[in-house]
>>> print(open('final_16.txt').read())   # compact mmCIF, C-alpha atoms
# COMPACT_ATOMS: atom_id res chain seq x y z
CA MET C 1 -11.65 30.18 -25.29
CA SER C 2 -10.02 27.33 -27.23
CA ILE C 3 -11.96 25.60 -29.99
CA ILE C 4 -12.98 22.03 -29.19
CA ASP C 5 -11.63 19.42 -31.60
CA GLU C 6 -14.77 17.27 -31.76
CA SER C 7 -13.01 14.52 -33.69
CA LEU C 8 -10.27 14.21 -31.07
CA LEU C 9 -12.80 14.34 -28.23
CA ASP C 10 -14.81 11.57 -29.88
CA PHE C 11 -11.63 9.50 -30.20
CA CYS C 12 -10.92 9.95 -26.48
CA ARG C 13 -14.45 8.92 -25.59
CA ARG C 14 -14.29 5.76 -27.71
CA LEU C 15 -10.78 4.91 -26.51
CA PRO C 16 -10.67 2.00 -24.02
CA LYS C 17 -9.48 3.52 -20.76
CA ILE C 18 -8.04 2.34 -17.47
CA GLU C 19 -8.82 4.35 -14.33
CA LEU C 20 -6.49 3.72 -11.39
CA HIS C 21 -7.00 6.78 -9.16
CA ALA C 22 -10.67 7.37 -8.43
CA HIS C 23 -11.95 8.13 -4.93
CA LEU C 24 -15.50 6.83 -4.58
CA ASN C 25 -17.00 9.68 -2.56
CA GLY C 26 -15.25 12.33 -4.66
CA SER C 27 -16.48 10.68 -7.86
CA LEU C 28 -20.18 11.05 -7.10
CA SER C 29 -21.77 12.99 -9.95
CA PRO C 30 -24.24 15.83 -9.32
CA LEU C 31 -27.08 13.50 -10.38
CA THR C 32 -25.95 10.83 -7.92
CA ILE C 33 -25.61 13.38 -5.13
CA GLN C 34 -29.10 14.66 -5.88
CA HIS C 35 -30.45 11.09 -5.86
CA LEU C 36 -28.74 10.29 -2.54
CA ALA C 37 -30.04 13.51 -1.01
CA GLN C 38 -33.56 12.47 -1.98
CA LEU C 39 -33.02 9.06 -0.42
CA HIS C 40 -31.73 10.78 2.73
CA SER C 41 -34.90 12.88 2.97
CA ILE C 42 -37.21 9.84 2.88
CA SER C 43 -35.02 7.46 4.88
CA THR C 44 -36.68 5.65 7.78
CA LEU C 45 -33.36 5.60 9.62
CA ASP C 46 -32.84 7.97 12.53
CA ARG C 47 -30.62 10.38 10.63
CA PRO C 48 -29.99 14.08 11.28
CA GLN C 49 -31.39 16.57 8.79
CA LEU C 50 -29.07 17.07 5.85
CA PRO C 51 -27.51 20.56 5.86
CA PRO C 52 -27.38 22.68 2.69
CA PRO C 53 -24.65 21.63 0.23
CA PRO C 54 -21.31 23.37 0.87
CA LYS C 55 -20.25 26.26 -1.34
CA PHE C 56 -17.49 24.28 -3.02
CA LEU C 57 -19.40 21.07 -3.71
CA ASN C 58 -18.14 21.39 -7.30
CA MET C 59 -14.74 23.03 -7.13
CA ALA C 60 -14.46 23.41 -10.90
CA ALA C 61 -17.31 25.92 -10.80
CA HIS C 62 -15.45 28.12 -8.29
CA PRO C 63 -12.16 29.52 -9.62
CA GLU C 64 -11.50 31.11 -6.23
CA ALA C 65 -11.36 27.72 -4.52
CA GLN C 66 -8.02 26.63 -3.08
CA PHE C 67 -6.50 23.19 -2.44
CA HIS C 68 -7.51 23.21 1.23
CA ASP C 69 -11.17 23.88 0.32
CA PHE C 70 -11.41 20.40 -1.13
CA PHE C 71 -11.28 18.25 2.01
CA PRO C 72 -14.24 19.72 3.97
CA LEU C 73 -16.52 18.67 1.10
CA PHE C 74 -16.42 15.12 2.30
CA SER C 75 -18.14 15.84 5.60
CA TYR C 76 -21.23 16.58 3.51
CA ILE C 77 -20.79 13.77 1.01
CA HIS C 78 -20.15 11.24 3.80
CA GLN C 79 -23.57 12.00 5.25
CA LEU C 80 -25.09 10.86 1.98
CA THR C 81 -23.29 7.51 2.05
CA ALA C 82 -23.65 6.76 5.76
CA ASP C 83 -25.73 3.59 5.44
CA PRO C 84 -25.18 0.39 3.42
CA HIS C 85 -28.11 0.96 1.04
CA ALA C 86 -27.00 4.48 0.05
CA LEU C 87 -23.37 3.39 -0.22
CA ARG C 88 -24.27 0.49 -2.47
CA ILE C 89 -26.29 2.77 -4.75
CA ALA C 90 -23.50 5.37 -4.84
CA THR C 91 -21.00 2.67 -5.83
CA GLU C 92 -23.26 1.15 -8.47
CA ARG C 93 -24.11 4.48 -10.11
CA THR C 94 -20.50 5.68 -10.09
CA ILE C 95 -19.25 2.52 -11.78
CA ALA C 96 -21.97 2.81 -14.42
CA GLU C 97 -20.86 6.37 -15.17
CA PHE C 98 -17.23 5.29 -15.60
CA ALA C 99 -18.36 2.46 -17.89
CA SER C 100 -20.42 4.85 -20.02
CA ASP C 101 -17.27 6.96 -20.48
CA GLY C 102 -15.40 4.03 -22.01
CA VAL C 103 -13.54 2.86 -18.91
CA VAL C 104 -12.86 -0.87 -19.26
CA TYR C 105 -10.93 -1.37 -16.02
CA LEU C 106 -11.51 0.60 -12.82
CA GLU C 107 -9.74 0.53 -9.48
CA LEU C 108 -12.12 2.37 -7.19
CA ARG C 109 -10.69 3.49 -3.87
CA THR C 110 -12.44 4.34 -0.62
CA THR C 111 -11.71 4.67 3.10
CA PRO C 112 -13.71 2.20 5.24
CA ARG C 113 -15.82 4.16 7.74
CA SER C 114 -17.88 3.21 10.73
CA THR C 115 -21.16 5.11 11.09
CA PRO C 116 -24.21 4.75 13.34
CA PHE C 117 -25.62 2.49 10.59
CA MET C 118 -22.68 0.23 9.70
CA THR C 119 -19.29 -1.04 10.82
CA ARG C 120 -16.11 -0.64 8.77
CA ASN C 121 -16.45 -4.26 7.70
CA GLU C 122 -20.05 -3.66 6.61
CA TYR C 123 -18.87 -0.56 4.73
CA VAL C 124 -16.50 -2.69 2.64
CA GLY C 125 -19.28 -5.23 2.13
CA ALA C 126 -21.69 -2.56 0.90
CA VAL C 127 -19.15 -1.24 -1.62
CA GLN C 128 -18.53 -4.75 -2.90
CA ASP C 129 -22.29 -5.33 -3.17
CA GLY C 130 -22.43 -2.15 -5.26
CA ILE C 131 -19.67 -3.47 -7.48
CA CYS C 132 -21.53 -6.74 -8.04
CA ALA C 133 -24.75 -4.89 -8.84
CA ALA C 134 -22.95 -2.59 -11.29
CA LEU C 135 -21.41 -5.51 -13.17
CA VAL C 136 -24.89 -6.82 -13.96
CA SER C 137 -25.85 -3.66 -15.84
CA SER C 138 -22.30 -2.84 -17.03
CA PRO C 139 -20.71 -6.25 -17.73
CA SER C 140 -17.99 -4.82 -19.97
CA ILE C 141 -16.09 -3.12 -17.15
CA ILE C 142 -13.69 -4.84 -14.74
CA VAL C 143 -13.80 -3.33 -11.26
CA ARG C 144 -11.34 -3.78 -8.42
CA LEU C 145 -11.20 -2.08 -5.03
CA ILE C 146 -8.45 -0.25 -3.16
CA LEU C 147 -8.96 0.41 0.55
CA SER C 148 -7.63 3.80 1.56
CA ILE C 149 -5.87 4.69 4.79
CA ASP C 150 -6.46 8.27 5.89
CA ARG C 151 -3.22 9.87 7.04
CA ARG C 152 -5.18 11.64 9.79
CA GLY C 153 -6.10 8.31 11.38
CA SER C 154 -4.34 6.07 13.88
CA LEU C 155 -1.94 3.20 13.25
CA GLU C 156 -4.49 0.86 14.82
CA THR C 157 -7.10 1.89 12.25
CA ALA C 158 -4.55 1.57 9.45
CA MET C 159 -3.67 -1.95 10.58
CA ASP C 160 -7.36 -2.84 10.63
CA THR C 161 -7.72 -1.55 7.07
CA VAL C 162 -4.89 -3.82 5.95
CA ALA C 163 -6.68 -6.72 7.67
CA LEU C 164 -9.89 -5.83 5.83
CA ALA C 165 -7.94 -5.70 2.57
CA GLU C 166 -6.54 -9.17 3.21
CA GLN C 167 -9.94 -10.60 4.15
CA ASN C 168 -11.59 -9.16 1.05
CA HIS C 169 -8.70 -9.64 -1.36
CA VAL C 170 -9.43 -10.72 -4.91
CA SER C 171 -7.44 -13.91 -4.25
CA ARG C 172 -10.06 -14.80 -1.62
CA GLY C 173 -13.05 -14.07 -3.82
CA GLY C 174 -13.37 -10.37 -2.95
CA HIS C 175 -12.60 -7.31 -5.05
CA VAL C 176 -9.70 -5.72 -3.13
CA VAL C 177 -6.31 -5.50 -4.81
CA GLY C 178 -4.48 -2.86 -2.78
CA VAL C 179 -4.29 -0.18 -0.11
CA ASP C 180 -3.72 3.53 -0.47
CA LEU C 181 -2.46 6.42 1.65
CA CYS C 182 -4.69 9.46 1.22
CA GLY C 183 -6.20 12.41 3.09
CA ASP C 184 -5.17 15.98 3.81
CA PRO C 185 -1.39 16.07 3.18
CA ALA C 186 -1.04 18.94 5.65
CA VAL C 187 -2.06 16.60 8.48
CA GLY C 188 -0.12 13.65 9.87
CA HIS C 189 3.06 12.01 8.61
CA PHE C 190 3.69 8.78 6.73
CA SER C 191 6.13 7.62 9.41
CA GLU C 192 3.22 7.21 11.83
CA LEU C 193 1.48 4.74 9.51
CA LYS C 194 4.37 3.12 7.66
CA ALA C 195 4.12 -0.11 9.66
CA ALA C 196 0.68 -0.78 8.18
CA PHE C 197 1.96 -0.42 4.62
CA ASP C 198 4.96 -2.61 5.42
CA LEU C 199 2.48 -5.26 6.60
CA ALA C 200 0.48 -4.91 3.40
CA LYS C 201 3.59 -5.48 1.31
CA ARG C 202 4.52 -8.55 3.35
CA THR C 203 1.08 -10.06 2.83
CA GLY C 204 1.12 -9.51 -0.92
CA ILE C 205 -1.24 -6.52 -1.00
CA LYS C 206 -0.31 -3.83 -3.51
CA VAL C 207 0.45 -0.32 -2.24
CA THR C 208 -0.13 3.10 -3.78
CA LEU C 209 0.72 6.33 -1.98
CA HIS C 210 -0.27 9.97 -2.49
CA LEU C 211 3.19 11.57 -2.70
CA GLY C 212 4.36 15.18 -2.98
CA GLU C 213 0.95 16.84 -3.03
CA LEU C 214 2.33 19.92 -1.25
CA ASP C 215 5.68 21.67 -1.35
CA SER C 216 8.37 20.89 1.24
CA MET C 217 7.39 17.23 1.75
CA ASP C 218 10.62 15.76 0.44
CA GLU C 219 11.63 14.04 3.68
CA GLU C 220 8.32 12.18 3.78
CA SER C 221 8.58 11.39 0.06
CA ARG C 222 11.99 9.78 0.58
CA LEU C 223 10.57 7.64 3.39
CA MET C 224 7.70 6.56 1.13
CA LEU C 225 10.09 5.52 -1.62
CA SER C 226 12.17 3.51 0.85
CA MET C 227 9.39 0.91 1.05
CA ASP C 228 9.14 0.49 -2.74
CA PRO C 229 5.46 1.29 -3.33
CA ASP C 230 3.84 -0.25 -6.39
CA ARG C 231 2.40 3.06 -7.63
CA LEU C 232 2.39 6.72 -6.64
CA GLY C 233 -0.30 9.36 -6.84
CA HIS C 234 0.27 12.94 -8.05
CA CYS C 235 4.03 13.50 -7.38
CA THR C 236 3.44 17.21 -7.92
CA PHE C 237 6.18 18.61 -5.67
CA ILE C 238 9.30 16.46 -5.65
CA ALA C 239 12.99 17.18 -5.25
CA LYS C 240 15.41 16.07 -7.96
CA ASP C 241 16.70 13.10 -5.95
CA VAL C 242 13.12 11.96 -5.29
CA ARG C 243 12.27 12.24 -8.97
CA ASP C 244 15.44 10.36 -9.89
CA GLN C 245 14.46 7.53 -7.54
CA ILE C 246 10.96 7.31 -9.02
CA LEU C 247 12.42 7.05 -12.50
CA GLU C 248 15.13 4.60 -11.47
CA LYS C 249 12.67 2.32 -9.66
CA LYS C 250 10.20 2.70 -12.55
CA ILE C 251 7.26 3.35 -10.23
CA PRO C 252 4.14 4.25 -12.24
CA VAL C 253 2.62 7.64 -11.44
CA GLU C 254 -1.11 8.26 -11.33
CA ILE C 255 -1.63 11.65 -12.99
CA CYS C 256 -4.72 13.77 -12.25
CA VAL C 257 -4.45 16.89 -14.40
CA THR C 258 -7.77 18.63 -13.69
CA SER C 259 -7.47 17.89 -9.98
CA ASN C 260 -4.07 19.59 -9.89
CA LEU C 261 -5.27 22.58 -11.91
CA VAL C 262 -8.50 23.16 -10.00
CA GLY C 263 -6.74 22.60 -6.68
CA LYS C 264 -4.09 25.07 -7.84
CA THR C 265 -1.12 22.83 -7.11
CA VAL C 266 -0.29 23.34 -10.81
CA THR C 267 -0.92 26.74 -12.39
CA HIS C 268 -1.30 25.75 -16.05
CA ILE C 269 -1.39 22.53 -17.99
CA ASP C 270 1.73 23.63 -19.90
CA ASP C 271 3.56 23.46 -16.57
CA HIS C 272 2.21 20.06 -15.57
CA HIS C 273 4.79 17.44 -14.61
CA ILE C 274 3.20 14.77 -16.83
CA LYS C 275 4.91 16.40 -19.79
CA ASP C 276 8.44 15.89 -18.43
CA LEU C 277 7.66 12.40 -17.12
CA LEU C 278 6.43 11.31 -20.54
CA MET C 279 9.47 12.88 -22.17
CA ASP C 280 11.55 10.63 -19.93
CA SER C 281 9.47 7.65 -21.11
CA HIS C 282 8.20 7.12 -17.58
CA SER C 283 4.99 5.20 -16.93
CA CYS C 284 2.15 7.68 -16.36
CA VAL C 285 -1.48 6.66 -15.93
CA ILE C 286 -4.00 9.42 -16.68
CA CYS C 287 -6.72 9.45 -14.00
CA THR C 288 -9.55 11.62 -12.67
CA ASP C 289 -8.99 11.62 -8.87
CA ASP C 290 -12.45 13.00 -7.95
CA SER C 291 -14.50 13.27 -11.12
CA GLY C 292 -17.59 14.58 -9.33
CA VAL C 293 -15.92 17.30 -7.30
CA PHE C 294 -13.69 18.41 -10.18
CA ASP C 295 -16.37 18.01 -12.87
CA CYS C 296 -14.25 15.90 -15.20
CA ALA C 297 -14.33 12.54 -16.96
CA LEU C 298 -11.47 10.29 -17.95
CA SER C 299 -12.21 11.04 -21.62
CA SER C 300 -11.82 14.76 -20.97
CA GLU C 301 -8.55 14.16 -19.11
CA PHE C 302 -7.13 12.36 -22.14
CA TYR C 303 -8.44 15.10 -24.39
CA SER C 304 -6.83 17.81 -22.25
CA VAL C 305 -3.44 16.12 -22.40
CA ALA C 306 -3.70 15.36 -26.12
CA SER C 307 -4.74 18.89 -27.09
CA ALA C 308 -2.34 20.68 -24.73
CA TYR C 309 0.73 18.81 -25.99
CA SER C 310 -0.42 18.16 -29.58
CA PHE C 311 -0.19 14.41 -29.07
CA SER C 312 -1.19 12.20 -31.97
CA ARG C 313 -3.97 9.66 -31.63
CA GLN C 314 -1.31 6.97 -31.72
CA ARG C 315 0.50 8.55 -28.76
CA ILE C 316 -2.70 8.85 -26.73
CA PHE C 317 -3.63 5.25 -27.56
CA THR C 318 -0.20 4.06 -26.41
CA ILE C 319 -0.47 5.92 -23.10
CA ALA C 320 -3.87 4.35 -22.51
CA MET C 321 -2.78 0.83 -23.44
CA GLU C 322 0.43 0.92 -21.40
CA ALA C 323 -1.66 1.53 -18.27
CA VAL C 324 -2.42 -2.20 -18.37
CA ASN C 325 1.10 -2.75 -17.03
CA SER C 326 0.26 -0.70 -13.92
CA ILE C 327 -2.97 -2.35 -12.76
CA PHE C 328 -2.98 -4.15 -9.41
CA ASP C 329 -4.86 -7.21 -10.71
CA ASN C 330 -2.19 -9.82 -11.42
CA GLU C 331 -4.46 -12.32 -13.17
CA THR C 332 -3.18 -13.18 -16.63
CA SER C 333 -6.76 -13.44 -17.89
CA THR C 334 -7.44 -9.83 -16.85
CA HIS C 335 -4.40 -8.56 -18.72
CA GLN C 336 -5.28 -10.61 -21.80
CA ASN C 337 -8.86 -9.34 -21.71
CA LEU C 338 -7.75 -5.72 -21.60
CA LEU C 339 -5.06 -6.09 -24.25
CA SER C 340 -7.60 -7.77 -26.52
CA GLN C 341 -9.91 -4.75 -26.21
CA PHE C 342 -7.05 -2.40 -27.09
CA ASP C 343 -6.14 -4.61 -30.03
CA ILE C 344 -9.69 -4.48 -31.39
CA PHE C 345 -9.80 -0.70 -30.97
CA ALA C 346 -6.40 -0.23 -32.65
CA LYS C 347 -7.47 -2.25 -35.68
CA SER C 348 -10.75 -0.35 -35.96
CA MET C 349 -8.82 2.94 -35.93
CA GLY C 350 -5.89 1.89 -38.10
CA LEU C 351 -3.43 2.28 -35.23
CA SER C 352 -0.39 0.17 -34.40
CA GLU C 353 -0.11 -1.62 -31.07
>>> encode(input="final_16.txt", output="structure tokens")
Amino acid sequence: MSIIDESLLDFCRRLPKIELHAHLNGSLSPLTIQHLAQLHSISTLDRPQLPPPPKFLNMAAHPEAQFHDFFPLFSYIHQLTADPHALRIATERTIAEFASDGVVYLELRTTPRSTPFMTRNEYVGAVQDGICAALVSSPSIIVRLILSIDRRGSLETAMDTVALAEQNHVSRGGHVVGVDLCGDPAVGHFSELKAAFDLAKRTGIKVTLHLGELDSMDEESRLMLSMDPDRLGHCTFIAKDVRDQILEKKIPVEICVTSNLVGKTVTHIDDHHIKDLLMDSHSCVICTDDSGVFDCALSSEFYSVASAYSFSRQRIFTIAMEAVNSIFDNETSTHQNLLSQFDIFAKSMGLSE
């Protein structure tokens, strides 16, 4: 077992951080899940009895878990966030946990769902209510919302999600800044939903896509790149020509190290593609993906990268600060706010900007 460098870990905790790839339901901590389960048990709503938690509720605790074991977890978690009240609480608590870890800007992503207790529109409203509530107790964090489109869904549903994103966009007083393609990469194909993302681009909504999560997806990856997405998630399995395009187009990549390791799409951190991308001076944003399911925090992700590659504190600070260039919020005041926080931190630590 490696020895923990407490000084470096403390630095990573105090470091201002930007989180751009965090799925709401996958980011619920064990304490939040326990709290929601208690709420479920005393709810006056006509809800079915909650089944026992699945075996792989926390994948990090089960080395035998495989990538495909991850997705069934959500059928359980979704039962906990099936009504507006529970969803609002889940959102509020999750944001507070990110803020306590030193996250100063968060783009939380979630797939709008209809349940017996709310419509898709009410789902988005409940998440935004949770954001507003969280900002009262955690005023130092800036929170924006990305609406996810599940690749297993229909084009009609995807189009509706884009409409919801437009209606609740930050430019209209909401919190939404973009849309995302997510879900089980072994199901569906981007071509079936591309029209929705084309519409998002035409209406000024930012786009991020999960790309190359499994091997042999190069044809789909090329189609994704053809629409010039604003960011990409993972990019674990990509052919040379796909990688060359990503570098040439300078598309930022959302990197989720623990997610890749626990899901076994990467065998060891020494083999992780973030190393080569950073060597090519490509924009990489360190993220958590599903901090609850993978039992990680953004501070620990930075620490893992710093310790694995012997990065200096200056290098880690620069990676964190440069993430400002990849956020979906275009407001000058937001960028100035974040850069000011990095400037204050740099001066307190004797670092250069």
>>> atom_distance(input="final_16.txt", atom1="CA of Ile146 (chain C)", atom2="CA of Asp295 (chain C)")
22.1 Å
>>> atom_distance(input="final_16.txt", atom1="CA of Gly350 (chain C)", atom2="CA of Glu322 (chain C)")
17.9 Å
>>> residues_around(input="final_16.txt", residues="Phe197 (chain C)", least_positions_apart="2", cutoff="8 Å", atoms="all atoms listed in the file", output="list of chain:residue names")
C:Val162, C:Val179, C:Leu193, C:Lys194, C:Ala195, C:Leu199, C:Ala200, C:Lys201, C:Val207
>>> closest_residue(input="final_16.txt", among="C:Arg222, C:Glu97, C:Ser307, C:Arg152", to="Ile3 (chain C)", atoms="all atoms listed in the file")
C:Ser307
>>> residues_near_point(input="final_16.txt", point="(-8.0, 5.2, -2.3)", cutoff="9 Å", atoms="all atoms listed in the file", output="PyMOL selection string")
chain C and resi 21-24+107-111+145-150+178-182+208-209
>>> closest_residue(input="final_16.txt", among="C:Leu36, C:Thr115, C:His169, C:Cys132", to="Asn330 (chain C)", atoms="only C-alpha atoms")
C:His169
>>> residues_around(input="final_16.txt", residues="Ser27 (chain C)", least_positions_apart="5", cutoff="6 Å", atoms="all atoms listed in the file", output="MDAnalysis selection string")
chainID C and resid 290:292
>>> atom_distance(input="final_16.txt", atom1="CA of Gly153 (chain C)", atom2="CA of Ala186 (chain C)")
13.1 Å
>>> residues_around(input="final_16.txt", residues="Ser154 (chain C)", least_positions_apart="6", cutoff="12 Å", atoms="only C-alpha atoms", output="PDB file with C-alpha atoms, keeping the file's coordinate frame")
ATOM      1  CA  ASP C 160      -7.360  -2.840  10.630  1.00  0.00           C
ATOM      2  CA  THR C 161      -7.720  -1.550   7.070  1.00  0.00           C
ATOM      3  CA  GLY C 188      -0.120  13.650   9.870  1.00  0.00           C
ATOM      4  CA  HIS C 189       3.060  12.010   8.610  1.00  0.00           C
ATOM      5  CA  PHE C 190       3.690   8.780   6.730  1.00  0.00           C
ATOM      6  CA  SER C 191       6.130   7.620   9.410  1.00  0.00           C
ATOM      7  CA  GLU C 192       3.220   7.210  11.830  1.00  0.00           C
ATOM      8  CA  LEU C 193       1.480   4.740   9.510  1.00  0.00           C
ATOM      9  CA  LYS C 194       4.370   3.120   7.660  1.00  0.00           C
ATOM     10  CA  ALA C 195       4.120  -0.110   9.660  1.00  0.00           C
ATOM     11  CA  ALA C 196       0.680  -0.780   8.180  1.00  0.00           C
TER      12      ALA C 196
END
>>> axis_aligned_box(input="final_16.txt", around="region 180-186 of chain C", padding_each_side="4 Å", output="AutoDock Vina command-line options")
--center_x -3.6 --center_y 11.2 --center_z 2.6 --size_x 13.2 --size_y 23.4 --size_z 14.1
>>> residues_near_point(input="final_16.txt", point="(5.7, -0.1, -16.4)", cutoff="9 Å", atoms="all atoms listed in the file", output="JSON, numbers by chain")
{"C": [250, 251, 252, 282, 283, 284, 322, 323, 324, 325, 326]}
>>> write_last_selection(input="final_16.txt", atoms="C-alpha atoms", output="PDB file, in the coordinates of the input")
ATOM      1  CA  LYS C 250      10.200   2.700 -12.550  1.00  0.00           C
ATOM      2  CA  ILE C 251       7.260   3.350 -10.230  1.00  0.00           C
ATOM      3  CA  PRO C 252       4.140   4.250 -12.240  1.00  0.00           C
ATOM      4  CA  HIS C 282       8.200   7.120 -17.580  1.00  0.00           C
ATOM      5  CA  SER C 283       4.990   5.200 -16.930  1.00  0.00           C
ATOM      6  CA  CYS C 284       2.150   7.680 -16.360  1.00  0.00           C
ATOM      7  CA  GLU C 322       0.430   0.920 -21.400  1.00  0.00           C
ATOM      8  CA  ALA C 323      -1.660   1.530 -18.270  1.00  0.00           C
ATOM      9  CA  VAL C 324      -2.420  -2.200 -18.370  1.00  0.00           C
ATOM     10  CA  ASN C 325       1.100  -2.750 -17.030  1.00  0.00           C
ATOM     11  CA  SER C 326       0.260  -0.700 -13.920  1.00  0.00           C
TER      12      SER C 326
END
>>> residues_around(input="final_16.txt", residues="region 268-281 of chain C", least_positions_apart="6", cutoff="9 Å", atoms="all atoms listed in the file", output="PyMOL selection string")
chain C and resi 235-236+247+253+255+257-258+260-261+304-305+308-309
>>> residues_around(input="final_16.txt", residues="Leu8 (chain C)", least_positions_apart="5", cutoff="9 Å", atoms="all atoms listed in the file", output="ChimeraX atom specification")
/C:13,303,306-307,313
>>> closest_residue(input="final_16.txt", among="C:Ile319, C:Val242, C:Leu298, C:Leu135", to="Arg14 (chain C)", atoms="only C-alpha atoms")
C:Leu298
>>> closest_residue(input="final_16.txt", among="C:Pro116, C:Ile142, C:Thr91, C:Val262", to="Pro16 (chain C)", atoms="only C-alpha atoms")
C:Ile142
>>> closest_residue(input="final_16.txt", among="C:Glu92, C:Glu331, C:Asp10, C:Asp241", to="Ser221 (chain C)", atoms="all atoms listed in the file")
C:Asp241
>>> closest_residue(input="final_16.txt", among="C:Val187, C:Met349, C:Met321, C:Val266", to="Gln336 (chain C)", atoms="all atoms listed in the file")
C:Met321
>>> decode(input="final_16.txt", residues="region 266-277 of chain C", atoms="N, CA, C and O atoms", output="PDB file, in the first residue's frame")
ATOM      1  N   VAL C 266      -9.775   1.031 -17.800  1.00  0.00           N
ATOM      2  CA  VAL C 266      -8.338   1.280 -17.733  1.00  0.00           C
ATOM      3  C   VAL C 266      -7.806   0.391 -16.607  1.00  0.00           C
ATOM      4  O   VAL C 266      -8.391   0.334 -15.524  1.00  0.00           O
ATOM      5  N   THR C 267      -6.716  -0.316 -16.877  1.00  0.00           N
ATOM      6  CA  THR C 267      -6.226  -1.299 -15.905  1.00  0.00           C
ATOM      7  C   THR C 267      -5.423  -0.678 -14.770  1.00  0.00           C
ATOM      8  O   THR C 267      -5.485  -1.157 -13.627  1.00  0.00           O
ATOM      9  N   HIS C 268      -4.671   0.363 -15.052  1.00  0.00           N
ATOM     10  CA  HIS C 268      -3.816   0.973 -14.026  1.00  0.00           C
ATOM     11  C   HIS C 268      -3.652   2.446 -14.347  1.00  0.00           C
ATOM     12  O   HIS C 268      -3.638   2.841 -15.521  1.00  0.00           O
ATOM     13  N   ILE C 269      -3.504   3.252 -13.327  1.00  0.00           N
ATOM     14  CA  ILE C 269      -3.398   4.687 -13.552  1.00  0.00           C
ATOM     15  C   ILE C 269      -2.182   5.038 -14.412  1.00  0.00           C
ATOM     16  O   ILE C 269      -2.193   6.033 -15.138  1.00  0.00           O
ATOM     17  N   ASP C 270      -1.135   4.216 -14.350  1.00  0.00           N
ATOM     18  CA  ASP C 270       0.037   4.474 -15.194  1.00  0.00           C
ATOM     19  C   ASP C 270      -0.305   4.376 -16.677  1.00  0.00           C
ATOM     20  O   ASP C 270       0.400   4.936 -17.522  1.00  0.00           O
ATOM     21  N   ASP C 271      -1.378   3.635 -16.987  1.00  0.00           N
ATOM     22  CA  ASP C 271      -1.789   3.450 -18.378  1.00  0.00           C
ATOM     23  C   ASP C 271      -2.893   4.420 -18.801  1.00  0.00           C
ATOM     24  O   ASP C 271      -3.394   4.336 -19.921  1.00  0.00           O
ATOM     25  N   HIS C 272      -3.283   5.307 -17.908  1.00  0.00           N
ATOM     26  CA  HIS C 272      -4.415   6.183 -18.206  1.00  0.00           C
ATOM     27  C   HIS C 272      -4.068   7.199 -19.290  1.00  0.00           C
ATOM     28  O   HIS C 272      -2.962   7.746 -19.318  1.00  0.00           O
ATOM     29  N   HIS C 273      -5.037   7.458 -20.165  1.00  0.00           N
ATOM     30  CA  HIS C 273      -4.802   8.336 -21.310  1.00  0.00           C
ATOM     31  C   HIS C 273      -4.620   9.808 -20.942  1.00  0.00           C
ATOM     32  O   HIS C 273      -4.191  10.602 -21.774  1.00  0.00           O
ATOM     33  N   ILE C 274      -4.944  10.187 -19.701  1.00  0.00           N
ATOM     34  CA  ILE C 274      -4.719  11.582 -19.317  1.00  0.00           C
ATOM     35  C   ILE C 274      -3.243  11.936 -19.420  1.00  0.00           C
ATOM     36  O   ILE C 274      -2.884  13.070 -19.772  1.00  0.00           O
ATOM     37  N   LYS C 275      -2.391  10.978 -19.149  1.00  0.00           N
ATOM     38  CA  LYS C 275      -0.947  11.237 -19.167  1.00  0.00           C
ATOM     39  C   LYS C 275      -0.488  11.691 -20.551  1.00  0.00           C
ATOM     40  O   LYS C 275       0.213  12.704 -20.693  1.00  0.00           O
ATOM     41  N   ASP C 276      -0.889  10.954 -21.589  1.00  0.00           N
ATOM     42  CA  ASP C 276      -0.475  11.308 -22.951  1.00  0.00           C
ATOM     43  C   ASP C 276      -1.145  12.601 -23.421  1.00  0.00           C
ATOM     44  O   ASP C 276      -0.525  13.405 -24.135  1.00  0.00           O
ATOM     45  N   LEU C 277      -2.412  12.810 -23.039  1.00  0.00           N
ATOM     46  CA  LEU C 277      -3.100  14.037 -23.435  1.00  0.00           C
ATOM     47  C   LEU C 277      -2.429  15.262 -22.837  1.00  0.00           C
ATOM     48  O   LEU C 277      -2.239  16.284 -23.506  1.00  0.00           O
TER      49      LEU C 277
END
